[in-house]
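Reading through the structure tokens given below for one structure.
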Amino acid sequence: MSLMLTASAQNIENTIIQDVSQWIEKSDIQRLTEQFDSNLQMNILEKENFHSKAQAGILIKDFFKNHPVTSFVVQHKGGGESNLFMVAKLIAGSDEFRVSIHFRKVNGADKVSFLSIEQIKK
């Protein structure tokens, strides 16, 4: 039974992380923000605060407008069935960013509860 649960959690993890990765790589803001929790913590370029889903959507749209994605690669992922996370490297032109995203279960669906985008200093 625990083997089935682990495999099931791994499939969920891979699906949501793959989906979010594709949406970020394609700058598909609409699909990405649909995955946001109703309120989430965000840290974008050292500006940290809690935002509503609508506010967070505006902020992330502005970020992608100013930093068009060239590449997005997941470097680490993990967690359990109800609490997942991923860490990735985002390249936008000559700028590089570390992206951290945490998910939590809300009514059976994985929702983004935390999103951080930090510029990698060269």
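Here's how to read the names in the structure tokens: chain A, B, ... by the order shown, residue numbers from 1 in each chain, ligand numbers from 1 in the order shown.
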
- Select from chain A everything DSSP, run on the backbone, classes as strand (DSSP E or B), then give the selection as number ranges by chain. A: 36-44, 47-52, 71-79, 83-92, 95-106, 109-119

With C-alpha atoms retained, could you export that selection as a compact mmCIF listing (two decimals), in the first residue's frame?
```txt
# COMPACT_ATOMS: atom_id res chain seq x y z
CA PHE A 36 -2.13 30.19 -7.61
CA ASP A 37 -3.75 29.78 -4.19
CA SER A 38 -6.31 32.48 -3.30
CA ASN A 39 -3.56 34.19 -1.25
CA LEU A 40 0.13 33.48 -1.61
CA GLN A 41 3.48 34.68 -0.41
CA MET A 42 5.69 36.13 -3.12
CA ASN A 43 9.26 37.36 -3.19
CA ILE A 44 10.09 38.89 -6.55
CA LYS A 47 10.13 42.54 -2.74
CA GLU A 48 8.35 40.17 -0.39
CA ASN A 49 4.71 40.25 0.64
CA PHE A 50 1.45 38.30 0.74
CA HIS A 51 -0.81 38.91 -2.27
CA SER A 52 -4.23 37.92 -3.49
CA SER A 71 15.22 28.95 -20.53
CA PHE A 72 13.67 27.33 -17.45
CA VAL A 73 15.23 24.21 -15.92
CA VAL A 74 14.06 22.45 -12.76
CA GLN A 75 17.10 21.71 -10.62
CA HIS A 76 15.42 20.14 -7.59
CA LYS A 77 11.95 18.94 -6.61
CA GLY A 78 10.48 17.08 -3.69
CA GLY A 79 7.99 16.95 -0.88
CA ASN A 83 3.20 19.67 0.17
CA LEU A 84 5.47 19.88 -2.89
CA PHE A 85 8.28 22.22 -3.91
CA MET A 86 10.55 22.90 -6.83
CA VAL A 87 13.70 24.96 -7.37
CA ALA A 88 14.65 26.02 -10.87
CA LYS A 89 16.98 28.24 -12.85
CA LEU A 90 15.33 30.79 -15.12
CA ILE A 91 17.33 32.53 -17.81
CA ALA A 92 15.99 35.72 -19.34
CA ASP A 95 19.97 37.58 -16.54
CA GLU A 96 19.75 34.44 -14.41
CA PHE A 97 17.25 33.83 -11.63
CA ARG A 98 16.62 31.20 -8.98
CA VAL A 99 12.92 30.32 -8.82
CA SER A 100 11.44 28.55 -5.79
CA ILE A 101 7.83 27.41 -5.80
CA HIS A 102 5.94 25.67 -3.00
CA PHE A 103 2.59 23.96 -3.53
CA ARG A 104 -0.08 22.94 -1.06
CA LYS A 105 -3.26 20.94 -1.44
CA VAL A 106 -6.45 23.00 -1.60
CA ALA A 109 -5.73 20.41 -6.10
CA ASP A 110 -2.10 21.51 -5.93
CA LYS A 111 -1.94 25.31 -5.65
CA VAL A 112 1.07 27.64 -5.58
CA SER A 113 1.32 28.98 -2.02
CA PHE A 114 4.81 30.52 -2.28
CA LEU A 115 6.77 31.85 -5.24
CA SER A 116 10.21 33.41 -5.09
CA ILE A 117 12.30 34.82 -7.93
CA GLU A 118 15.81 35.91 -6.94
CA GLN A 119 18.41 37.25 -9.33
```

- Contacts of region 13-29 of chain A within 7 Å, only C-alpha atoms, excl. fewer than 3 positions in-chain, as a list in words: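 My reading of the contact set: Ala9, Gln10, Leu32, Thr33, Lys61, Phe64, Val69, Ser71, Phe72 and Leu84 of chain A.
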
- Atom pair CA of Gly93 (chain A) + CA of Thr70 (chain A), distance 6.2 Å
